[in-house]
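Dropping start-v2.cif in here (mmCIF, C-alpha atoms and all ligand atoms):
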```cif
data_work
#
loop_
_atom_site.label_atom_id
_atom_site.label_comp_id
_atom_site.auth_asym_id
_atom_site.auth_seq_id
_atom_site.Cartn_x
_atom_site.Cartn_y
_atom_site.Cartn_z
CA MET O 559 40.66 221.28 -77.66
CA ALA O 560 37.96 219.07 -76.27
CA ARG O 561 34.31 220.09 -76.29
CA ILE O 562 32.12 219.92 -73.20
CA LEU O 563 28.33 219.90 -73.41
CA VAL O 564 26.87 221.96 -70.58
CA THR O 565 23.16 221.49 -69.98
CA GLY O 566 21.61 224.36 -68.03
CA GLY O 567 24.62 226.43 -69.08
CA THR O 568 22.81 229.78 -69.14
CA GLY O 569 21.73 229.24 -65.51
CA TYR O 570 23.43 230.55 -62.39
CA ILE O 571 26.07 227.88 -61.70
CA GLY O 572 26.20 226.75 -65.33
CA SER O 573 27.14 230.18 -66.70
CA HIS O 574 30.00 230.57 -64.21
CA THR O 575 31.21 227.09 -65.09
CA VAL O 576 31.09 227.81 -68.83
CA VAL O 577 33.33 230.84 -68.20
CA GLU O 578 35.89 228.75 -66.29
CA LEU O 579 35.83 225.97 -68.90
CA MET O 580 36.34 228.39 -71.78
CA GLN O 581 39.08 230.23 -69.93
CA GLN O 582 40.85 226.88 -69.60
CA GLY O 583 40.59 226.47 -73.37
CA TYR O 584 37.63 224.09 -73.65
CA ASP O 585 35.06 224.49 -76.39
CA VAL O 586 31.58 224.59 -74.94
CA THR O 587 28.13 223.83 -76.27
CA ILE O 588 25.29 224.94 -74.01
CA VAL O 589 21.90 223.28 -74.09
CA ASP O 590 19.25 225.23 -72.17
CA ASN O 591 15.52 225.69 -72.68
CA LEU O 592 15.67 229.10 -70.95
CA SER O 593 12.95 228.02 -68.50
CA ASN O 594 14.88 229.74 -65.70
CA SER O 595 17.48 231.86 -67.46
CA SER O 596 17.90 234.43 -70.20
CA VAL O 597 19.63 234.21 -73.54
CA ASP O 598 21.36 237.50 -72.63
CA VAL O 599 23.60 235.48 -70.31
CA LEU O 600 25.48 234.47 -73.46
CA ASP O 601 26.50 238.12 -73.93
CA GLY O 602 27.87 238.23 -70.38
CA ILE O 603 29.85 235.03 -70.93
CA SER O 604 31.20 236.30 -74.25
CA ALA O 605 32.22 239.66 -72.75
CA ILE O 606 34.17 237.90 -70.00
CA VAL O 607 35.81 235.21 -72.11
CA GLY O 608 36.23 236.99 -75.44
CA ARG O 609 34.50 234.27 -77.43
CA ARG O 610 30.97 232.92 -77.55
CA PRO O 611 29.90 229.44 -76.51
CA GLU O 612 27.74 227.47 -78.91
CA PHE O 613 24.12 227.52 -77.77
CA ALA O 614 21.05 225.39 -78.50
CA ASN O 615 17.64 226.32 -77.10
CA ILE O 616 16.55 222.75 -76.40
CA ASP O 617 14.72 220.86 -73.70
CA CYS O 618 16.90 218.04 -72.37
CA ASN O 619 13.81 215.83 -72.30
CA ASP O 620 13.57 216.08 -76.10
CA TYR O 621 15.48 213.03 -77.32
CA VAL O 622 15.43 213.96 -81.00
CA SER O 623 16.77 217.47 -80.41
CA MET O 624 19.40 216.21 -77.97
CA GLU O 625 20.49 213.65 -80.53
CA ALA O 626 20.89 216.42 -83.11
CA VAL O 627 23.28 218.21 -80.75
CA PHE O 628 25.49 215.13 -80.37
CA LYS O 629 25.43 214.68 -84.15
CA GLN O 630 26.33 218.32 -84.76
CA TYR O 631 29.23 218.25 -82.27
CA PRO O 632 31.02 214.91 -82.61
CA ASP O 633 33.93 216.36 -80.57
CA ILE O 634 31.89 216.31 -77.32
CA VAL O 635 34.00 214.37 -74.80
CA GLY O 636 32.03 215.05 -71.64
CA VAL O 637 28.82 216.49 -70.27
CA ILE O 638 28.11 218.63 -67.23
CA HIS O 639 24.44 218.28 -66.39
CA PHE O 640 23.07 221.32 -64.55
CA ALA O 641 19.66 221.47 -66.22
CA ALA O 642 16.97 220.96 -63.59
CA SER O 643 14.16 222.74 -61.82
CA LYS O 644 15.44 223.77 -58.41
CA ALA O 645 12.86 225.61 -56.32
CA VAL O 646 12.13 223.53 -53.23
CA GLY O 647 8.75 225.15 -52.48
CA GLU O 648 7.56 224.91 -56.07
CA SER O 649 8.49 221.22 -56.09
CA VAL O 650 6.06 220.66 -53.21
CA GLU O 651 3.30 222.37 -55.22
CA LYS O 652 4.16 220.71 -58.53
CA PRO O 653 5.85 217.39 -57.76
CA LEU O 654 5.02 215.78 -61.10
CA MET O 655 6.58 218.63 -63.01
CA TYR O 656 9.74 218.22 -60.93
CA TYR O 657 9.90 214.46 -61.35
CA ARG O 658 9.25 214.75 -65.08
CA ASN O 659 11.80 217.49 -65.69
CA ASN O 660 14.61 216.40 -63.39
CA LEU O 661 14.36 212.65 -63.95
CA GLY O 662 13.40 212.81 -67.64
CA SER O 663 16.25 215.13 -68.57
CA LEU O 664 18.89 212.91 -66.97
CA ILE O 665 17.44 209.72 -68.44
CA THR O 666 17.25 211.24 -71.93
CA LEU O 667 20.77 212.59 -71.63
CA LEU O 668 22.21 209.23 -70.53
CA GLU O 669 20.42 207.47 -73.38
CA VAL O 670 21.82 209.87 -75.96
CA MET O 671 25.29 209.76 -74.39
CA ARG O 672 25.30 205.98 -74.62
CA ARG O 673 24.16 206.10 -78.25
CA TYR O 674 26.94 208.56 -79.17
CA HIS O 675 29.64 206.93 -77.05
CA VAL O 676 30.16 209.88 -74.71
CA TYR O 677 31.12 208.35 -71.39
CA ASN O 678 31.89 211.19 -68.98
CA ILE O 679 29.20 212.98 -67.00
CA VAL O 680 29.42 215.44 -64.12
CA PHE O 681 26.14 215.71 -62.25
CA SER O 682 24.88 218.58 -60.04
CA SER O 683 23.69 217.10 -56.79
CA SER O 684 23.07 218.81 -53.50
CA CYS O 685 23.83 218.63 -49.80
CA THR O 686 20.08 218.32 -49.44
CA VAL O 687 20.59 214.54 -49.82
CA TYR O 688 22.09 214.47 -46.29
CA GLY O 689 19.10 216.19 -44.62
CA GLN O 690 20.04 217.15 -41.05
CA PRO O 691 23.18 215.12 -40.31
CA ASP O 692 23.55 213.97 -36.70
CA LYS O 693 26.35 215.47 -34.62
CA ASP O 694 28.73 212.60 -35.43
CA HIS O 695 28.47 213.54 -39.11
CA LEU O 696 29.15 217.26 -38.84
CA PRO O 697 31.02 218.45 -40.82
CA VAL O 698 29.47 216.19 -43.47
CA ASP O 699 31.70 213.97 -45.53
CA GLU O 700 30.63 211.77 -48.43
CA THR O 701 30.10 208.74 -46.20
CA ALA O 702 27.33 210.40 -44.16
CA PRO O 703 24.02 208.60 -44.59
CA ILE O 704 21.55 209.81 -47.20
CA GLN O 705 18.28 210.63 -45.46
CA LYS O 706 14.75 210.61 -46.73
CA ALA O 707 14.27 213.72 -48.85
CA LEU O 708 12.24 216.56 -47.38
CA SER O 709 10.89 217.69 -50.76
CA PRO O 710 10.19 216.32 -54.23
CA TYR O 711 13.12 218.45 -55.45
CA GLY O 712 15.47 216.77 -52.96
CA ASN O 713 14.07 213.40 -53.93
CA THR O 714 14.86 214.04 -57.61
CA LYS O 715 18.52 214.52 -56.65
CA GLN O 716 18.55 211.23 -54.72
CA ILE O 717 16.82 209.34 -57.53
CA ASN O 718 19.13 210.92 -60.11
CA GLU O 719 22.13 209.70 -58.14
CA ASP O 720 20.61 206.20 -58.10
CA ILE O 721 19.97 206.36 -61.85
CA ILE O 722 23.62 207.25 -62.42
CA TYR O 723 24.83 204.36 -60.23
CA ASP O 724 22.52 201.90 -61.98
CA GLU O 725 23.52 203.03 -65.46
CA ALA O 726 27.23 202.92 -64.55
CA HIS O 727 26.70 199.39 -63.24
CA ALA O 728 25.04 198.40 -66.51
CA ASP O 729 27.59 200.13 -68.74
CA SER O 730 31.18 199.76 -67.60
CA SER O 731 32.31 202.48 -70.04
CA LEU O 732 30.37 205.19 -68.21
CA HIS O 733 32.18 207.42 -65.71
CA ALA O 734 30.30 209.84 -63.51
CA THR O 735 31.25 212.49 -61.01
CA ILE O 736 28.51 213.45 -58.59
CA LEU O 737 29.10 216.85 -57.04
CA ARG O 738 27.07 217.66 -53.94
CA TYR O 739 26.98 221.42 -53.63
CA PHE O 740 26.40 223.19 -50.35
CA ASN O 741 25.02 226.76 -50.64
CA PRO O 742 26.34 228.55 -53.74
CA ILE O 743 26.42 232.36 -53.48
CA GLY O 744 27.98 235.40 -55.14
CA ALA O 745 28.63 236.40 -58.73
CA HIS O 746 31.47 236.68 -61.19
CA PRO O 747 33.90 239.49 -60.18
CA SER O 748 33.19 241.23 -63.51
CA ALA O 749 29.52 241.60 -62.43
CA LEU O 750 28.59 240.53 -65.97
CA ILE O 751 26.93 237.27 -64.89
CA GLY O 752 25.27 236.25 -61.63
CA GLU O 753 22.14 234.81 -60.10
CA LEU O 754 18.79 235.85 -61.63
CA PRO O 755 16.11 234.88 -59.13
CA ASN O 756 12.57 234.58 -60.41
CA GLY O 757 10.16 236.85 -58.47
CA VAL O 758 10.60 237.04 -54.71
CA PRO O 759 13.81 235.19 -53.87
CA ASN O 760 13.62 232.12 -51.65
CA ASN O 761 17.37 231.92 -51.10
CA LEU O 762 19.11 234.04 -48.50
CA LEU O 763 21.69 235.96 -50.53
CA PRO O 764 19.43 237.30 -53.29
CA PHE O 765 17.01 238.41 -50.58
CA VAL O 766 19.84 240.17 -48.72
CA THR O 767 21.08 241.99 -51.84
CA GLN O 768 17.54 242.97 -52.91
CA THR O 769 16.87 244.33 -49.44
CA ALA O 770 20.15 246.27 -49.55
CA ALA O 771 19.06 247.67 -52.93
CA GLY O 772 15.74 248.81 -51.45
CA LEU O 773 13.57 246.38 -53.43
CA ARG O 774 12.47 244.65 -50.22
CA ALA O 775 11.67 246.49 -47.01
CA GLU O 776 13.42 244.00 -44.75
CA LEU O 777 14.91 240.56 -44.59
CA LYS O 778 12.99 238.03 -42.55
CA VAL O 779 15.40 235.88 -40.57
CA PHE O 780 13.70 232.54 -40.18
CA GLY O 781 14.19 231.68 -36.53
CA ASP O 782 16.67 232.59 -33.79
CA ASP O 783 15.83 229.72 -31.46
CA TYR O 784 17.87 226.96 -33.11
CA ASN O 785 20.55 225.08 -31.25
CA THR O 786 23.35 227.21 -32.73
CA PRO O 787 25.57 229.89 -31.11
CA ASP O 788 23.36 232.83 -32.17
CA GLY O 789 20.16 230.81 -32.67
CA SER O 790 19.97 231.24 -36.46
CA CYS O 791 20.57 228.40 -38.93
CA ILE O 792 24.05 227.50 -40.13
CA ARG O 793 25.05 226.72 -43.74
CA ASP O 794 28.22 226.30 -45.76
CA TYR O 795 28.12 229.19 -48.25
CA ILE O 796 30.39 228.51 -51.22
CA TYR O 797 31.46 231.07 -53.82
CA VAL O 798 29.94 230.20 -57.19
CA VAL O 799 33.26 230.86 -58.97
CA ASP O 800 35.08 228.45 -56.64
CA LEU O 801 32.27 225.97 -57.29
CA ALA O 802 32.61 226.46 -61.06
CA LYS O 803 36.34 225.73 -60.85
CA ALA O 804 35.61 222.40 -59.15
CA HIS O 805 33.71 221.35 -62.28
CA VAL O 806 36.75 222.03 -64.44
CA LYS O 807 38.84 219.89 -62.07
CA ALA O 808 36.25 217.12 -62.23
CA VAL O 809 36.24 217.21 -66.04
CA GLU O 810 40.04 217.19 -66.17
CA ARG O 811 40.16 214.19 -63.86
CA MET O 812 37.71 212.24 -65.99
CA LEU O 813 39.41 213.10 -69.28
CA ALA O 814 42.77 212.11 -67.80
CA GLY O 815 41.25 208.75 -66.94
CA THR O 816 42.30 208.98 -63.30
CA PRO O 817 39.06 208.28 -61.41
CA THR O 818 39.50 205.32 -59.10
CA GLU O 819 35.82 204.47 -59.09
CA GLN O 820 33.31 204.50 -61.93
CA VAL O 821 31.14 206.88 -59.93
CA GLU O 822 32.94 209.36 -57.71
CA VAL O 823 31.17 211.65 -55.24
CA PHE O 824 32.50 214.91 -53.84
CA ASN O 825 31.10 217.36 -51.31
CA LEU O 826 31.75 220.90 -52.47
CA GLY O 827 31.82 223.38 -49.64
CA THR O 828 34.23 225.56 -47.73
CA GLY O 829 34.28 223.47 -44.56
CA ARG O 830 33.04 226.45 -42.58
CA GLY O 831 29.51 227.02 -41.35
CA LEU O 832 28.08 230.54 -41.09
CA SER O 833 24.82 231.55 -39.49
CA VAL O 834 22.18 233.71 -41.15
CA LEU O 835 22.99 236.54 -38.74
CA GLU O 836 26.72 236.22 -39.47
CA ILE O 837 26.01 236.51 -43.20
CA VAL O 838 23.96 239.67 -42.63
CA ARG O 839 26.65 241.15 -40.37
CA ASP O 840 29.47 240.29 -42.81
CA PHE O 841 27.49 241.72 -45.72
CA VAL O 842 26.95 245.04 -43.94
CA GLU O 843 30.61 245.20 -42.89
CA ALA O 844 31.91 244.30 -46.35
CA THR O 845 29.67 246.62 -48.38
CA GLY O 846 28.85 249.40 -45.91
CA VAL O 847 25.20 249.04 -46.94
CA ASN O 848 22.53 248.47 -44.32
CA VAL O 849 20.22 245.45 -44.42
CA PRO O 850 17.15 245.94 -42.22
CA TYR O 851 15.98 242.63 -40.82
CA GLN O 852 13.44 241.16 -38.49
CA ILE O 853 13.51 237.82 -36.71
CA VAL O 854 10.42 235.81 -37.57
CA GLY O 855 9.33 232.22 -36.98
CA ARG O 856 11.11 229.20 -38.38
CA ARG O 857 10.62 228.26 -42.03
CA GLU O 858 9.03 224.84 -42.43
CA GLY O 859 11.46 222.17 -43.52
CA ASP O 860 14.64 224.14 -42.70
CA ILE O 861 17.70 222.22 -41.59
CA GLU O 862 19.23 223.57 -38.37
CA LYS O 863 22.90 223.29 -39.30
CA VAL O 864 24.93 221.71 -42.02
CA TRP O 865 28.38 222.30 -43.40
CA ALA O 866 30.80 220.28 -45.47
CA ASN O 867 33.93 218.32 -44.86
CA PRO O 868 35.52 219.09 -48.25
CA LYS O 869 38.71 217.07 -47.56
CA LYS O 870 38.07 214.55 -50.34
CA ALA O 871 37.57 217.26 -52.97
CA ASN O 872 40.57 219.18 -51.63
CA GLU O 873 42.85 216.17 -51.85
CA VAL O 874 41.53 214.18 -54.81
CA LEU O 875 40.47 217.04 -57.10
CA GLY O 876 43.24 219.36 -55.92
CA TRP O 877 40.62 222.04 -55.39
CA LYS O 878 39.74 224.33 -52.51
CA ALA O 879 37.03 226.94 -51.99
CA ASP O 880 39.14 229.69 -50.48
CA THR O 881 37.66 233.02 -51.58
CA PRO O 882 37.10 235.10 -48.41
CA VAL O 883 33.40 235.38 -47.62
CA LYS O 884 33.48 239.19 -47.54
CA ASP O 885 34.82 239.24 -51.13
CA VAL O 886 32.02 236.87 -52.08
CA LEU O 887 29.39 239.10 -50.48
CA VAL O 888 30.82 242.15 -52.28
CA SER O 889 30.56 240.24 -55.58
CA ALA O 890 26.89 239.52 -54.86
CA TRP O 891 26.29 243.20 -54.11
CA ASN O 892 28.13 244.37 -57.24
CA TRP O 893 25.92 242.07 -59.31
CA GLU O 894 22.75 243.43 -57.68
CA LYS O 895 23.98 246.98 -58.36
CA HIS O 896 24.65 246.03 -61.99
CA LEU O 897 21.11 244.64 -62.33
CA ARG O 898 19.51 247.72 -60.78
CA ASN O 899 21.82 250.32 -62.31
CA ILE O 900 22.93 251.46 -58.88
CA GLN O 901 26.24 253.38 -58.83
P1 LIG H 1 19.38 227.64 -62.54
O1 LIG H 1 17.91 227.51 -62.54
O2 LIG H 1 19.97 229.00 -62.54
O3 LIG H 1 19.99 226.83 -63.79
C1 LIG H 1 19.39 225.69 -64.33
C2 LIG H 1 19.26 225.90 -65.82
O4 LIG H 1 18.68 224.73 -66.40
C3 LIG H 1 18.37 227.08 -66.19
O5 LIG H 1 19.07 227.91 -67.10
C4 LIG H 1 17.15 226.43 -66.83
O6 LIG H 1 16.61 227.25 -67.87
C5 LIG H 1 17.74 225.14 -67.36
N1 LIG H 1 16.80 224.03 -67.50
C6 LIG H 1 15.92 223.54 -66.58
N2 LIG H 1 15.27 222.48 -67.07
C7 LIG H 1 15.74 222.28 -68.33
C8 LIG H 1 15.47 221.34 -69.34
N3 LIG H 1 14.55 220.37 -69.19
N4 LIG H 1 16.14 221.42 -70.51
C9 LIG H 1 17.07 222.40 -70.70
N5 LIG H 1 17.37 223.32 -69.78
C10 LIG H 1 16.71 223.26 -68.61
O7 LIG H 1 19.93 226.78 -61.31
P2 LIG H 1 21.39 226.71 -60.68
O8 LIG H 1 21.34 227.32 -59.34
O9 LIG H 1 22.40 227.17 -61.64
O10 LIG H 1 21.49 225.14 -60.46
C11 LIG H 1 22.17 224.30 -61.38
C12 LIG H 1 22.09 222.87 -60.88
O11 LIG H 1 22.69 222.80 -59.60
C13 LIG H 1 20.68 222.33 -60.73
O12 LIG H 1 20.68 220.96 -61.08
C14 LIG H 1 20.41 222.49 -59.25
O13 LIG H 1 19.45 221.56 -58.79
C15 LIG H 1 21.77 222.20 -58.68
N6 LIG H 1 21.99 222.78 -57.35
C16 LIG H 1 21.79 224.12 -57.15
C17 LIG H 1 21.98 224.66 -55.88
C18 LIG H 1 21.72 226.11 -55.62
O14 LIG H 1 21.55 226.48 -54.45
N7 LIG H 1 21.72 226.99 -56.62
C19 LIG H 1 22.42 223.84 -54.83
C20 LIG H 1 22.64 222.48 -55.08
C21 LIG H 1 22.42 221.96 -56.35
C1 LIG H 2 19.71 229.61 -46.19
C2 LIG H 2 19.41 230.04 -44.76
C3 LIG H 2 17.09 230.01 -44.16
C4 LIG H 2 15.85 233.23 -46.80
C5 LIG H 2 18.19 225.60 -50.40
C6 LIG H 2 17.68 224.26 -50.85
C7 LIG H 2 18.83 223.33 -51.05
C8 LIG H 2 19.88 223.93 -51.97
C9 LIG H 2 20.24 225.33 -51.59
C10 LIG H 2 19.55 223.13 -54.19
C11 LIG H 2 18.36 229.17 -44.09
C12 LIG H 2 17.65 231.41 -44.10
C13 LIG H 2 16.61 232.30 -46.13
C14 LIG H 2 15.26 234.31 -46.06
C15 LIG H 2 16.27 233.44 -44.06
N1 LIG H 2 19.41 224.03 -53.30
N2 LIG H 2 16.82 232.41 -44.79
N3 LIG H 2 15.52 234.37 -44.72
O1 LIG H 2 17.45 226.37 -47.40
O2 LIG H 2 19.95 226.05 -47.10
O3 LIG H 2 18.91 225.44 -49.20
O4 LIG H 2 19.07 226.12 -51.40
O5 LIG H 2 19.92 222.00 -54.09
O6 LIG H 2 18.32 222.15 -51.56
O7 LIG H 2 16.83 223.73 -49.85
O8 LIG H 2 19.13 227.83 -48.66
O9 LIG H 2 19.27 230.22 -49.18
O10 LIG H 2 16.98 229.18 -48.84
O11 LIG H 2 18.48 229.49 -46.89
O12 LIG H 2 16.47 233.55 -42.86
O13 LIG H 2 14.56 235.15 -46.60
O14 LIG H 2 18.88 231.36 -44.78
O15 LIG H 2 16.23 229.79 -43.08
O16 LIG H 2 18.74 229.02 -42.76
P1 LIG H 2 18.79 226.39 -47.97
P2 LIG H 2 18.41 229.23 -48.47
#
```

Write the structure described by the file as structure tokens, please.
Amino acid sequence: MARILVTGGTGYIGSHTVVELMQQGYDVTIVDNLSNSSVDVLDGISAIVGRRPEFANIDCNDYVSMEAVFKQYPDIVGVIHFAASKAVGESVEKPLMYYRNNLGSLITLLEVMRRYHVYNIVFSSSCTVYGQPDKDHLPVDETAPIQKALSPYGNTKQINEDIIYDEAHADSSLHATILRYFNPIGAHPSALIGELPNGVPNNLLPFVTQTAAGLRAELKVFGDDYNTPDGSCIRDYIYVVDLAKAHVKAVERMLAGTPTEQVEVFNLGTGRGLSVLEIVRDFVEATGVNVPYQIVGRREGDIEKVWANPKKANEVLGWKADTPVKDVLVSAWNWEKHLRNIQ
């Protein structure tokens, strides 16, 4: 069976994708420098799948070490590139670190791929590239205009997309699939892998589950005066396992040689927007656990409402994010309980 190199494969989305790839019979080599994940994730993956992925503790910016990986595994037929720094606020504080890590790792990877004649890459992009779409572009499809990034992190995704287009233009052998994720949430149903936020979570779901677990006194809902039905912001929350499965579809499509364009772009979302208050309500209903919350002022830089038109991914990849949101919220809670040893 073919081998896929997964950079950032011990991270949140990467680990779930490694599970889906291995369950479909792929061999997997993970490259991760563990800057935002733990080596223990490999135990979780192995327990779910029944075999262990290959793992190299390497920084993707390190050309020599990356080259050694391609030498060691000549059966690599494609790469999924998750490795990146992803905290929006931190990127504002440390822009150079973000540009160095997120741009350098992709550039190094593409250089090594070219050298070793590996021509398929799936890249983790983000709905952040669309900013706040105007009302004519909601739900957002892939033709919606890219808007000036609101953070250095968002800018790295835009520049990375440009780098991929330029390299594909220069090298007609290269095929790339750019996946623009909306808001990934939840954890594997086994509760053996999930999201491991660093310190106080910035993202909604980890904050909700930590509040439910009693680690945080209350959730702060950032604003109830937006132009939305209940006044809180709207996002397209996509189950991380559904998201992981889209990567397998993208890999299959590239290996089958069916892409119609050298660089294909897909929005990965459910097609349904949910407000912050709806998420809290659904979580309480689905788990029976209370989440104290308080409405506070808006968070700087927040988008009012955005959700995906996933038609292209549905039709072209033959993929749909269809796990009911309450099941997703229960999976997030089960993972939090696993982390905190709550019965
Ligand atoms: P994550 O932090 O859990 O995973 C990223 C992994 O990459 C981590 O394990 C980290 O240790 C590793 N890494 C970072 N820099 C590295 C480097 N230079 N060399 C080797 N490993 C490195 O994040 P995630 O949520 O799983 O995100 C995966 C990808 O998806 C990222 O590119 C992220 O920007 C993108 N994305 C995430 C979201 C989200 O909300 N989680 C949304 C859109 C896009
Ligand atoms: C969701 C909603 C908050 C926390 C970020 C990045 C984006 C992408 C996904 C990578 C918003 C509200 C949150 C809290 C709250 N990442 N909220 N109280 O901002 O949509 O996107 O992660 O590409 O680039 O910007 O996700 O989970 O932070 O927030 O009320 O304590 O929850 O205001 O409306 P966001 P989020």

Within 6 Å of ligand LIG 2 (chain H) (counting all atoms listed in the file), which residues show up? I'd like them as a list in words.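 My answer, listing the contacting residues, is Lys644, Val646, Ser684, Thr686, Asn741, Asn760, Asn761, Leu762, Phe765, Leu777, Lys778, Val779, Phe780, Cys791, Val834, Arg857 and Asp860 of chain O.
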
Give as a list in words each residue that has an atom at most 8 Å from (27.3, 221.3, -41.9) in the file, counting only C-alpha atoms.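 The residues near that point, listed by chain and number, are Pro691, Leu696, Pro697, Val698, Ile792, Arg793, Asp794, Gly829, Arg830, Gly831, Lys863, Val864, Trp865, Ala866 and Asn867 of chain O.
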
How close does each residue of stretch 724-810 of chain O get to stretch 628-641 of chain O, giving the shortest atom pair and distance in Å to one decimal for every residue with an atom at most 10 Å away, counting all atoms listed in the file, sorted by chain and residue number, as CSV?
```
residue,atom,partner,partner_atom,distance
O:His733,CA,O:Gly636,CA,9.7
O:Ala734,CA,O:Val637,CA,9.6
O:Thr735,CA,O:Ile638,CA,9.3
O:His805,CA,O:Ile638,CA,8.0
O:Val806,CA,O:Ile638,CA,9.7
O:Ala808,CA,O:Ile638,CA,9.7
O:Val809,CA,O:Gly636,CA,7.3
O:Glu810,CA,O:Gly636,CA,9.9
```

Give me, as CSV, each residue of chain O that comes within 8 Å of ligand LIG 1 (chain H), together with its shortest interatomic pair and the distance in Å at one decimal, counting only C-alpha atoms and all ligand atoms, with rows ordered by chain and rising residue number.
```
residue,atom,partner,partner_atom,distance
O:Thr565,CA,H:LIG1,N5,6.1
O:Gly566,CA,H:LIG1,O4,3.4
O:Gly567,CA,H:LIG1,O5,6.1
O:Thr568,CA,H:LIG1,O5,4.7
O:Gly569,CA,H:LIG1,O5,3.4
O:Tyr570,CA,H:LIG1,O9,3.6
O:Ile571,CA,H:LIG1,O9,3.7
O:Gly572,CA,H:LIG1,O9,5.3
O:Ser573,CA,H:LIG1,O9,7.6
O:Val589,CA,H:LIG1,C9,6.0
O:Asp590,CA,H:LIG1,N5,3.6
O:Asn591,CA,H:LIG1,C9,4.1
O:Leu592,CA,H:LIG1,O6,3.7
O:Ser593,CA,H:LIG1,O6,3.8
O:Asn594,CA,H:LIG1,O6,3.7
O:Ser595,CA,H:LIG1,O5,4.3
O:Ser596,CA,H:LIG1,O5,7.3
O:Asn615,CA,H:LIG1,C9,7.5
O:Ile616,CA,H:LIG1,C9,5.7
O:Asp617,CA,H:LIG1,N4,3.5
O:Cys618,CA,H:LIG1,N4,3.9
O:Asn619,CA,H:LIG1,N3,5.6
O:His639,CA,H:LIG1,O12,7.0
O:Phe640,CA,H:LIG1,C12,4.1
O:Ala641,CA,H:LIG1,O4,3.4
O:Ala642,CA,H:LIG1,C6,4.1
O:Ser643,CA,H:LIG1,C6,5.1
O:Lys644,CA,H:LIG1,O13,4.6
O:Asn659,CA,H:LIG1,N3,5.3
O:Asn660,CA,H:LIG1,N3,7.0
O:Gly662,CA,H:LIG1,N3,7.8
O:Ser663,CA,H:LIG1,N3,5.5
O:Phe681,CA,H:LIG1,O12,7.7
O:Ser682,CA,H:LIG1,O11,4.8
O:Ser683,CA,H:LIG1,C21,5.0
O:Ser684,CA,H:LIG1,C20,4.0
O:Cys685,CA,H:LIG1,C20,6.6
O:Thr686,CA,H:LIG1,C20,7.5
O:Tyr711,CA,H:LIG1,O13,7.8
O:Lys715,CA,H:LIG1,O13,7.4
O:Arg738,CA,H:LIG1,C20,6.6
O:Tyr739,CA,H:LIG1,C20,4.7
O:Phe740,CA,H:LIG1,C19,6.0
O:Asn741,CA,H:LIG1,O14,5.2
O:Pro742,CA,H:LIG1,O14,5.3
O:Ile743,CA,H:LIG1,O14,7.7
O:Glu753,CA,H:LIG1,O2,6.7
O:Leu754,CA,H:LIG1,O2,7.0
O:Pro755,CA,H:LIG1,O2,7.8
O:Asn761,CA,H:LIG1,O14,7.6
```

Looking at all atoms listed in the file, which of O:Leu563, O:Val680, O:Leu668, O:Leu579 is the one that sits closest to O:Ile721? O:Leu668

Residue nearest O:Met671 - candidates O:Glu819, O:Asp585, O:Glu725, O:Asp598, atoms counted: only C-alpha atoms: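 Among O:Glu819, O:Asp585, O:Glu725, O:Asp598, it is O:Glu725 that comes nearest to O:Met671.
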
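Pairwise distance (atom CA of O:His695, atom CA of O:His727) equals 28.0 Å.
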
Fewer than 5 positions away in the same chain doesn't count, so skip those; otherwise give me all residues within 7 Å of stretch 883-896 of chain O, counting all atoms listed in the file, as an mmCIF file with C-alpha atoms, in the frame of the given file.
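What ended up in out-v6.cif:
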```
data_model
loop_
_atom_site.group_PDB
_atom_site.id
_atom_site.type_symbol
_atom_site.label_atom_id
_atom_site.label_comp_id
_atom_site.auth_asym_id
_atom_site.auth_seq_id
_atom_site.Cartn_x
_atom_site.Cartn_y
_atom_site.Cartn_z
ATOM 1 C CA GLY O 744 27.980 235.400 -55.140
ATOM 2 C CA ALA O 745 28.630 236.400 -58.730
ATOM 3 C CA HIS O 746 31.470 236.680 -61.190
ATOM 4 C CA PRO O 747 33.900 239.490 -60.180
ATOM 5 C CA ALA O 749 29.520 241.600 -62.430
ATOM 6 C CA GLY O 752 25.270 236.250 -61.630
ATOM 7 C CA THR O 767 21.080 241.990 -51.840
ATOM 8 C CA TYR O 797 31.460 231.070 -53.820
ATOM 9 C CA ASP O 840 29.470 240.290 -42.810
ATOM 10 C CA PHE O 841 27.490 241.720 -45.720
ATOM 11 C CA ALA O 844 31.910 244.300 -46.350
ATOM 12 C CA THR O 845 29.670 246.620 -48.380
ATOM 13 C CA GLN O 901 26.240 253.380 -58.830
#
```

In Å to one decimal, how far is atom CA of O:Glu822 from atom CA of O:Met655? 28.4 Å

Identify, on the basis of all atoms listed in the file, every residue whose closest approach to O:Leu732 does not exceed 10 Å; exclude the query and any residue fewer than 2 positions from it along the same chain; express the result as a ChimeraX atom specification. /O:668,671-672,675-679,722-723,725-730,734,820-821

Identify which of the residues O:Gly827, O:Pro817, O:Asp782, O:Ala626 lies closest to O:Asp699, counting all atoms listed in the file when measuring atom-to-atom distances.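 The answer is O:Gly827, which sits nearest to O:Asp699.
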
Which of these, O:Tyr784, O:Tyr656, O:Phe824, O:Tyr621, has the shortest distance to O:Thr714 once you count all atoms listed in the file? O:Tyr656

Dig up all the protein and nucleic acid residues within 10 Å of (19.5, 247.4, -50.1) in the file frame, using all atoms listed in the file, and format them as JSON, numbers by chain. {"O": [765, 766, 767, 768, 769, 770, 771, 772, 773, 774, 775, 776, 777, 842, 847, 848, 849, 850, 891, 894, 895]}

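Distances to O:Trp877 were evaluated for O:Leu661, O:Ile736, O:Ala804, O:Met812 using only C-alpha atoms, and the minimum falls at O:Ala804.
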